[in-house]
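Report on the following structure.
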Amino acid sequence: MQPFDYFSPKTLPEAVEILSRHNGDARVVAGGTDLLLKMKGGRLAPKAIVNIKRLAELRGISETSNSKLQTPNYHLPITTIGALTTLEELRRSPIIRERYPSLCDAANTMASVQIRNLATVGGNMCNAAPSADLAPIFIALDASAVIAGPGGERRVPLEEFFVGPGKTVLESGELLASLEAPPPVGPSLYLKHSPRAHMDIAVVGVGLAAQLSGGVCESARIVLGAVAPVPLRVRRAEAELIGGPFSAERIDRAAKIAAEEAQPIDDVRGAVWYRRKMVEVLVRRGLTAIGGIEN
Amino acid sequence: MIGQRIPKLDAPDKATGRTVYGHDVRLPGMLHGRIKYSKHAHARVVRVDVSRALKLPGVKTIVTADDNPPTMFGYGKDNTPLKGQVVRSLRDEVAAVAAVDADTAEEALSLIEVEYEPLTAVFTPEEALKEGAPLIHAEHGSNYFTRYRYSHGTLEAGERESDVTVEADFELPYVAHAAMETSVVVAAFDHRGHLTLYSTTQIPFLLQRDLSEALGMEGSEIRIIQTAIGGAFGRGLDIYPFEPIAALLARKAGKPVRISFSRYEEFLAAPVRQPAKVHVRAGATREGMITFRDAYALLDIGAYVSWGSVTPLVMMETTASLYRIPHSRFAADCVYTNNPITGAVRGYGNPQSTFFVETMMDRLAVALDMDPVDFRVRNANRPNEETPQGLIITSCGLKECLEAVAARADTARQKDEGKTMKDRPHPSSFIPHPSKKRGIGFAATLNVGGGARIYRSDGCGATVKVDDFGHVSLVTGSTEIGQGSETVLAQIVAEVLGVNVEDVNVLNSDTDVKPWDVGVHASRTTFIAGNAAHIAALDARRQLFETAAEMLKTTPDDLIAKDGHVVAKVSGKSAELGKVARARHYREGGQVILGEGWYDPPTKLVDKDTYKGNISATYGFGAQMAEVEVDTDTGKVRVLRLVCANDVGRAINPMAVEGQIEGGAQMGLGYALTEEVIVEKGRVMNPDFLDYRLFTTADMPEIETVIIETDDPQGPFGAKGVGEMGGTPTAAAIANAIHDAVGVWMTTVPMTPERVLKALMEKENL
């Protein structure tokens, strides 16, 4: 490992200042479960490391009243998930369990207890692996990224946060402060396919959320992980469902379209044909289950 | 003491971090060595320039091929510590640095300039055998390293007698040992120029000889000290270049040098399980009797010869002697390529051959419309018979093993009916769907259980000392690699001397101290080292009884050893062991209690032309039943239950036997479903535990072990080996269960979801 400068700021403005000063040569560390592996493996050699674990404002899961948003269930609060929330905290949070059980499911598929106690929600986003388990489900839940930077705070819909493998919209000096999830509009689900039961990354991950009313699909969000350079919303598949009955035939068509929309590559984790096939299977299974939940 | 469930004696120290592993060894002034590997799978080395690297502060010395002795080493005498003219694989060592710390050494590697002239490389045995293919070792004259040709009976007669025949092609993968401890060695020279090597080898005495060739030294100048071994599984059965490289660095630097592999390096440079492409045919009569079995295996042994090239001996044994086979033929060709080196891995060639032999057994059973267990029992090997291959089978519980797992399979089926699905970690598993199908499958195994004579000696020595305090020391030539041999050997000695197992200290780590042993392989330690320890303990007891008889005024045959005392049966008088030892010691012409034992089993090297002969003093048998659930949408196979029955002769320590079987099964499950070193153009594509998938605790099914005892006539207290059998039949049992569930025959492992789904889709399209 190459030598580097180490900073441990106590406030968010201080962290932003250090990051700005390094002009892209500094890396943020929280859990370190991705960053340290890359540094030890020689794939990354940042000039400086900024430990953000002392920033209290990036911690915790909280609810704030929601008067501005014109969403369904507007009477329910918005949930803010601090970037430093560990995967284990997310998994165990009573708020998350109650409102977004699919996020608990996603966290539950990730890594081991030891890693989940270190790894953070913010890290899972900023590492921007195409296979990140939390990204598809957060996008399906219509979450936004709250970004702190030299110019203050800005919000970006999470589906626009990812630019490519390992790349996000974060500019020099910026860091992810939290994720905001609006009140759920209906049932949601995260499905993951991997060869092992645990300690494995997704060959395909699927985040699903739908709003169903009297057997009719009012809205649907289908987001795929590990089959494109970034978590991928498949809008043609969504369109196939929206405005019609949530029937087995339409679900089947949507699943097939989702498989077409996927842009997988061949690698040691799966062949293109297999990944497409798994998109179809998981989307079909997930939507069927969602339909079942609604009924 | 025999038959007791005694926890491993070395476990508390391991669990509490007191054990000294190779990675813990720190010698005064020790330097850290790192190896520079080739950039090309096949190239001429034009120039190696180390001048910039030598200038880096903290770098103490660098070695290149110029530092090699003139001798070649290895089983094929085709290897040198560093490569100077030609590199033949991406793991070829071109230079090595010793520096004050590992980071400095690593940085120095990047400053070594190597100029290559790429040569055409070959990455499959078929390519390597083509007319005009580049020669991997020009001096060898051909890319064939060896050919094996075995037969008994006449194949034509076998075919004539057959009412059904089956035929299939199999492809078996590279697999890593994946030991928790990566490869490590510390080399240090003394003032005489003698080498002490701290090593995790499984063959300390053979390594002395191998190193003497690799370093151009005398074997008598080399001492091997084995540290605690954090998993080996066959990796330590050969010399590999990092060991002599550490010694070359240490000699040149005048300081001790340690080389310890990173996990990435372990995947890149450690040997792998022998892959194979196999064509198999087999036949049987309408009555369910096997008529013949015929197999041809094409083996890619990589760029240099290691033990992978000898796995055909084991594949041959399974092909020709698992069940009664009237006519059999086995042929194998071992071919050099520019791929990774294949070595020994637990089970040697047996997981490979048991996979093809036992799935072919199910194909025959299906063709005959016969129960697969019944078919196997009809053809099972029996006690006290010699196979046509010349294996002399004495104790044999194959039939009992098959019946034991079959009995548990039936209950399993009943038990699972109407049972709700277990909690699953995957949310997708909570979704019920009709696409999941269940099936059960069986497979059996035959493995050497009383040594395997592949050298002129298959022996092991032992001494047993009883000191003035009645404390017992067993010095054994054998090696503890986590399999529990220290505990089992201590139990044998404790039983003979009538002491507690905790009162026996086992010493087994220094070639200057311990008597010779061929090494820890072939499930041989309980049988061979156990017999040696038994003989030594009896010798020590004879000495104790001789003196005790005088003390207790009786004859030796009136004496027994019990509870730390020698007791006279008639009078009931007794003397404590230490007192007897002191009485023998502190007198005119006194002696100490020191028993000696040497055991070399009554076996033969196989005939070099026919490959026939009794290679082992006894054979172990086993059977497994796997119950699986196949997701027909995703191809994912979940093993719900695995029942393992093994004929172990006698379980000296049932807990240790279960541990060996369960550990073997874990490796067998990985071989069956998830583990594969993916190699493309000579390069390992998944060199980490993210993409090299071991079976974890979360994936493990319920494992039930059944111990079958047949009381082997030559084993210590009737015991025979079990170290490898736990994993050999697992993949076949699972493949057979998959067929039972969904009707496809898998011919490749690991049976990944993708491969299973592909097979299902091909079946649909037929």
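Each chain in the structure tokens gets a letter, A, B, ..., in the order shown, and its residues are numbered from 1; ligands are numbered from 1 in order too.
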
Need to verify the contact set: Val499 (chain B), 8 Å, only C-alpha atoms, exclusion of same-chain residues closer than 6 positions in sequence. Can you return it as a compact mmCIF listing (two decimals) with C-alpha atoms, in the first residue's frame?
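This is the output file out_38.txt:
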```
# COMPACT_ATOMS: atom_id res chain seq x y z
CA ALA B 561 -1.05 -50.96 32.61
CA LYS B 562 -3.96 -49.02 34.06
CA ASP B 563 -4.66 -45.56 35.46
CA GLY B 564 -1.03 -44.51 35.33
CA HIS B 565 0.15 -47.61 37.15
```

- Task: Could you please select, counting only C-alpha atoms, the residues of chain A within 10 Å of chain B and state them as JSON, numbers by chain?
- Result: {"A": [1, 2, 41, 102, 104, 105, 106, 108, 109, 189, 190, 191, 192, 193, 194, 195, 196, 197, 198, 199, 200, 201, 267, 268, 269, 270, 271, 273, 274, 275, 277, 278, 280, 281, 282, 285, 286, 288, 289, 292]}

Can I get the selected residues back with C-alpha atoms, as a JSON list (two decimals), in the first residue's frame?
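File result-v8.json, as written:
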```json
[["chain", "number", "residue", "atom", "x", "y", "z"],
["A", 1, "MET", "CA", 0.00, 0.00, 0.00],
["A", 2, "GLN", "CA", 1.23, 3.49, -0.84],
["A", 41, "GLY", "CA", -4.77, -4.87, -3.85],
["A", 102, "SER", "CA", -37.80, -4.97, 1.05],
["A", 104, "CYS", "CA", -34.32, -5.25, 5.12],
["A", 105, "ASP", "CA", -34.49, -8.18, 2.70],
["A", 106, "ALA", "CA", -31.86, -6.58, 0.50],
["A", 108, "ASN", "CA", -30.10, -9.41, 4.64],
["A", 109, "THR", "CA", -28.71, -10.84, 1.40],
["A", 189, "LEU", "CA", -39.53, -6.53, -3.13],
["A", 190, "TYR", "CA", -35.84, -7.19, -3.71],
["A", 191, "LEU", "CA", -34.86, -10.47, -5.30],
["A", 192, "LYS", "CA", -31.30, -11.61, -5.74],
["A", 193, "HIS", "CA", -29.86, -14.53, -7.62],
["A", 194, "SER", "CA", -26.44, -15.78, -6.57],
["A", 195, "PRO", "CA", -24.93, -19.26, -6.42],
["A", 196, "ARG", "CA", -24.44, -19.18, -2.65],
["A", 197, "ALA", "CA", -26.97, -18.46, 0.07],
["A", 198, "HIS", "CA", -24.82, -15.77, 1.69],
["A", 199, "MET", "CA", -21.49, -14.04, 1.22],
["A", 200, "ASP", "CA", -22.11, -13.66, -2.45],
["A", 201, "ILE", "CA", -22.77, -10.90, -4.91],
["A", 267, "ASP", "CA", -18.00, -12.68, -17.07],
["A", 268, "VAL", "CA", -17.02, -15.30, -14.52],
["A", 269, "ARG", "CA", -20.25, -14.66, -12.64],
["A", 270, "GLY", "CA", -22.60, -15.39, -15.47],
["A", 271, "ALA", "CA", -23.13, -15.52, -19.21],
["A", 273, "TRP", "CA", -28.01, -15.51, -21.89],
["A", 274, "TYR", "CA", -28.17, -16.69, -18.31],
["A", 275, "ARG", "CA", -28.35, -13.23, -16.82],
["A", 277, "LYS", "CA", -33.00, -15.43, -18.30],
["A", 278, "MET", "CA", -32.60, -14.69, -14.59],
["A", 280, "GLU", "CA", -37.02, -12.71, -16.62],
["A", 281, "VAL", "CA", -37.41, -15.29, -13.86],
["A", 282, "LEU", "CA", -36.87, -12.87, -10.99],
["A", 285, "ARG", "CA", -41.52, -14.18, -9.60],
["A", 286, "GLY", "CA", -41.29, -10.84, -7.87],
["A", 288, "THR", "CA", -46.33, -12.41, -9.03],
["A", 289, "ALA", "CA", -45.48, -12.22, -5.35],
["A", 292, "GLY", "CA", -50.19, -11.94, -4.22]]
```

- Name all residues at most 10 Å from region 48-56 of chain A (count only C-alpha atoms; drop same-chain ones fewer than 5 positions away) and give them as a ChimeraX atom specification. /A:3-16,18-19,22,24-32,35,82-84,175,177

Nearby residues (only C-alpha atoms) at most 7 Å from region 611-615 of chain B, same-chain spacing under 5 positions excluded, as a PDB file with N, CA and C atoms, in the first residue's frame:
```pdb
ATOM      1  N   TYR B 150      -3.964 -49.353 -18.709  1.00  0.00           N
ATOM      2  CA  TYR B 150      -4.291 -50.447 -17.802  1.00  0.00           C
ATOM      3  C   TYR B 150      -5.422 -51.266 -18.397  1.00  0.00           C
ATOM      4  N   GLN B 389      -7.450 -56.216 -10.342  1.00  0.00           N
ATOM      5  CA  GLN B 389      -6.339 -55.259 -10.374  1.00  0.00           C
ATOM      6  C   GLN B 389      -5.251 -55.650  -9.380  1.00  0.00           C
ATOM      7  N   GLY B 390      -5.558 -56.600  -8.507  1.00  0.00           N
ATOM      8  CA  GLY B 390      -4.571 -57.031  -7.518  1.00  0.00           C
ATOM      9  C   GLY B 390      -4.725 -56.360  -6.173  1.00  0.00           C
ATOM     10  N   LEU B 391      -5.826 -55.626  -5.968  1.00  0.00           N
ATOM     11  CA  LEU B 391      -6.080 -55.050  -4.652  1.00  0.00           C
ATOM     12  C   LEU B 391      -6.567 -56.175  -3.744  1.00  0.00           C
ATOM     13  N   ILE B 392      -5.898 -56.345  -2.627  1.00  0.00           N
ATOM     14  CA  ILE B 392      -6.325 -57.386  -1.697  1.00  0.00           C
ATOM     15  C   ILE B 392      -7.241 -56.753  -0.662  1.00  0.00           C
ATOM     16  N   ALA B 452      -0.461 -46.012   0.827  1.00  0.00           N
ATOM     17  CA  ALA B 452      -0.462 -46.168  -0.622  1.00  0.00           C
ATOM     18  C   ALA B 452       1.001 -46.161  -1.019  1.00  0.00           C
ATOM     19  N   ARG B 453       1.486 -47.320  -1.455  1.00  0.00           N
ATOM     20  CA  ARG B 453       2.929 -47.401  -1.717  1.00  0.00           C
ATOM     21  C   ARG B 453       3.228 -46.791  -3.077  1.00  0.00           C
ATOM     22  N   THR B 603       2.791 -54.200   1.511  1.00  0.00           N
ATOM     23  CA  THR B 603       2.189 -53.852   0.222  1.00  0.00           C
ATOM     24  C   THR B 603       3.273 -53.778  -0.847  1.00  0.00           C
ATOM     25  N   LYS B 604       2.835 -53.575  -2.075  1.00  0.00           N
ATOM     26  CA  LYS B 604       3.784 -53.541  -3.190  1.00  0.00           C
ATOM     27  C   LYS B 604       3.590 -52.281  -4.028  1.00  0.00           C
ATOM     28  N   LEU B 605       4.672 -51.846  -4.626  1.00  0.00           N
ATOM     29  CA  LEU B 605       4.533 -50.845  -5.683  1.00  0.00           C
ATOM     30  C   LEU B 605       3.774 -51.509  -6.832  1.00  0.00           C
ATOM     31  N   VAL B 606       2.944 -50.740  -7.522  1.00  0.00           N
ATOM     32  CA  VAL B 606       2.275 -51.361  -8.668  1.00  0.00           C
ATOM     33  C   VAL B 606       3.318 -51.697  -9.731  1.00  0.00           C
TER      34      VAL B 606
END
```

- Message: Set the distance at 10 Å and use only C-alpha atoms: which residues neighbour Phe189 (chain B) once local chain neighbours fewer than 3 positions away are removed? I'd like the list as a list of chain:residue names.
- Response: B:Arg192, B:Gly193, B:His194, B:Leu195, B:Thr196, B:Leu197, B:Glu221, B:Ile222, B:Ala247, B:Ala250, B:Arg251, B:Gly254, B:Lys255, B:Pro256, B:Val257

- Pro130 (chain A) environment, 7 Å, only C-alpha atoms, sequence neighbours closer than 6 positions dropped, as a VMD selection string: chain A and resid 165 225 to 226 228 to 231

- Message: Need to verify the contact set: region 473-480 of chain B, 7 Å, only C-alpha atoms, exclusion of same-chain residues closer than 3 positions in sequence. Can you return it as a VMD selection string?
- Response: chain B and resid 202 460 to 466 483 to 486 504 to 508 514 to 517 519 to 520 525 529

Include N, CA and C atoms and write out the residues we just selected as a JSON list (two decimals), in the first residue's frame.
```json
[["chain", "number", "residue", "atom", "x", "y", "z"],
["B", 202, "GLN", "N", 3.88, -31.26, 3.94],
["B", 202, "GLN", "CA", 3.32, -32.53, 4.39],
["B", 202, "GLN", "C", 4.32, -33.68, 4.24],
["B", 460, "CYS", "N", 6.63, -45.53, 8.53],
["B", 460, "CYS", "CA", 6.65, -44.43, 9.49],
["B", 460, "CYS", "C", 7.31, -44.95, 10.76],
["B", 461, "GLY", "N", 8.14, -44.11, 11.37],
["B", 461, "GLY", "CA", 8.79, -44.47, 12.62],
["B", 461, "GLY", "C", 8.19, -43.73, 13.80],
["B", 462, "ALA", "N", 8.40, -44.30, 15.00],
["B", 462, "ALA", "CA", 7.89, -43.64, 16.21],
["B", 462, "ALA", "C", 8.75, -44.06, 17.40],
["B", 463, "THR", "N", 8.86, -43.19, 18.36],
["B", 463, "THR", "CA", 9.43, -43.58, 19.65],
["B", 463, "THR", "C", 8.50, -43.13, 20.76],
["B", 464, "VAL", "N", 8.47, -43.92, 21.82],
["B", 464, "VAL", "CA", 7.66, -43.56, 22.99],
["B", 464, "VAL", "C", 8.57, -43.56, 24.21],
["B", 465, "LYS", "N", 8.60, -42.43, 24.86],
["B", 465, "LYS", "CA", 9.45, -42.26, 26.05],
["B", 465, "LYS", "C", 8.56, -42.11, 27.27],
["B", 466, "VAL", "N", 8.94, -42.80, 28.35],
["B", 466, "VAL", "CA", 8.26, -42.56, 29.63],
["B", 466, "VAL", "C", 9.31, -41.99, 30.56],
["B", 483, "GLN", "N", -5.96, -32.78, 10.75],
["B", 483, "GLN", "CA", -6.86, -33.93, 10.62],
["B", 483, "GLN", "C", -7.10, -34.61, 11.96],
["B", 484, "GLY", "N", -6.32, -34.24, 12.99],
["B", 484, "GLY", "CA", -6.53, -34.82, 14.31],
["B", 484, "GLY", "C", -5.62, -35.99, 14.63],
["B", 485, "SER", "N", -4.52, -36.11, 13.87],
["B", 485, "SER", "CA", -3.65, -37.28, 14.07],
["B", 485, "SER", "C", -2.99, -37.26, 15.45],
["B", 486, "GLU", "N", -2.67, -36.07, 15.96],
["B", 486, "GLU", "CA", -2.03, -36.02, 17.28],
["B", 486, "GLU", "C", -2.91, -36.67, 18.34],
["B", 504, "VAL", "N", -0.08, -37.71, 27.32],
["B", 504, "VAL", "CA", 0.80, -38.06, 26.20],
["B", 504, "VAL", "C", 1.06, -36.81, 25.37],
["B", 505, "ASN", "N", 2.31, -36.43, 25.28],
["B", 505, "ASN", "CA", 2.68, -35.29, 24.44],
["B", 505, "ASN", "C", 3.14, -35.83, 23.10],
["B", 506, "VAL", "N", 2.62, -35.26, 22.01],
["B", 506, "VAL", "CA", 3.00, -35.74, 20.68],
["B", 506, "VAL", "C", 3.94, -34.74, 20.04],
["B", 507, "LEU", "N", 5.12, -35.20, 19.65],
["B", 507, "LEU", "CA", 6.11, -34.34, 18.99],
["B", 507, "LEU", "C", 6.29, -34.84, 17.56],
["B", 508, "ASN", "N", 6.17, -33.93, 16.61],
["B", 508, "ASN", "CA", 6.08, -34.41, 15.22],
["B", 508, "ASN", "C", 6.54, -33.36, 14.22],
["B", 514, "LYS", "N", 12.55, -36.30, 14.66],
["B", 514, "LYS", "CA", 11.60, -37.41, 14.47],
["B", 514, "LYS", "C", 12.12, -38.43, 13.46],
["B", 515, "PRO", "N", 11.70, -39.69, 13.63],
["B", 515, "PRO", "CA", 12.12, -40.72, 12.67],
["B", 515, "PRO", "C", 11.39, -40.54, 11.34],
["B", 516, "TRP", "N", 11.85, -41.22, 10.34],
["B", 516, "TRP", "CA", 11.39, -41.03, 8.96],
["B", 516, "TRP", "C", 9.91, -41.36, 8.79],
["B", 517, "ASP", "N", 9.30, -40.67, 7.87],
["B", 517, "ASP", "CA", 7.92, -40.96, 7.46],
["B", 517, "ASP", "C", 7.80, -40.49, 6.03],
["B", 519, "GLY", "N", 5.20, -39.19, 4.61],
["B", 519, "GLY", "CA", 4.42, -37.95, 4.51],
["B", 519, "GLY", "C", 2.96, -38.19, 4.83],
["B", 520, "VAL", "N", 2.23, -37.09, 4.94],
["B", 520, "VAL", "CA", 0.82, -37.23, 5.29],
["B", 520, "VAL", "C", 0.00, -37.11, 4.01],
["B", 525, "THR", "N", -2.39, -41.89, 7.87],
["B", 525, "THR", "CA", -1.74, -41.63, 9.13],
["B", 525, "THR", "C", -2.27, -42.50, 10.28],
["B", 529, "ALA", "N", 0.99, -44.55, 10.80],
["B", 529, "ALA", "CA", 1.61, -43.95, 11.98],
["B", 529, "ALA", "C", 0.99, -44.53, 13.25]]
```

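In this structure, CA of Leu90 (chain B) sits 26.7 Å away from CA of Tyr198 (chain B).
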
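Between CA of His279 (chain B) and CA of Lys763 (chain B) there is a distance of 20.9 Å.
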
- Task: Provide the CA of Gln114 (chain A) to CA of Asp688 (chain B) distance in Å, to one decimal place.
- Result: 18.4 Å

- For Glu724 (chain B), the nearest of the candidates B:Glu139, B:Asp711, B:Glu662, B:Glu550, counting only C-alpha atoms: B:Glu662

- Query: Can you list every residue in region 73-242 of chain B that DSSP puts in strand (DSSP E), as a VMD selection string?
  - Reply: chain B and resid 86 to 87 93 to 99 113 to 118 144 to 152 164 to 172 184 to 189 195 to 199 222 to 226
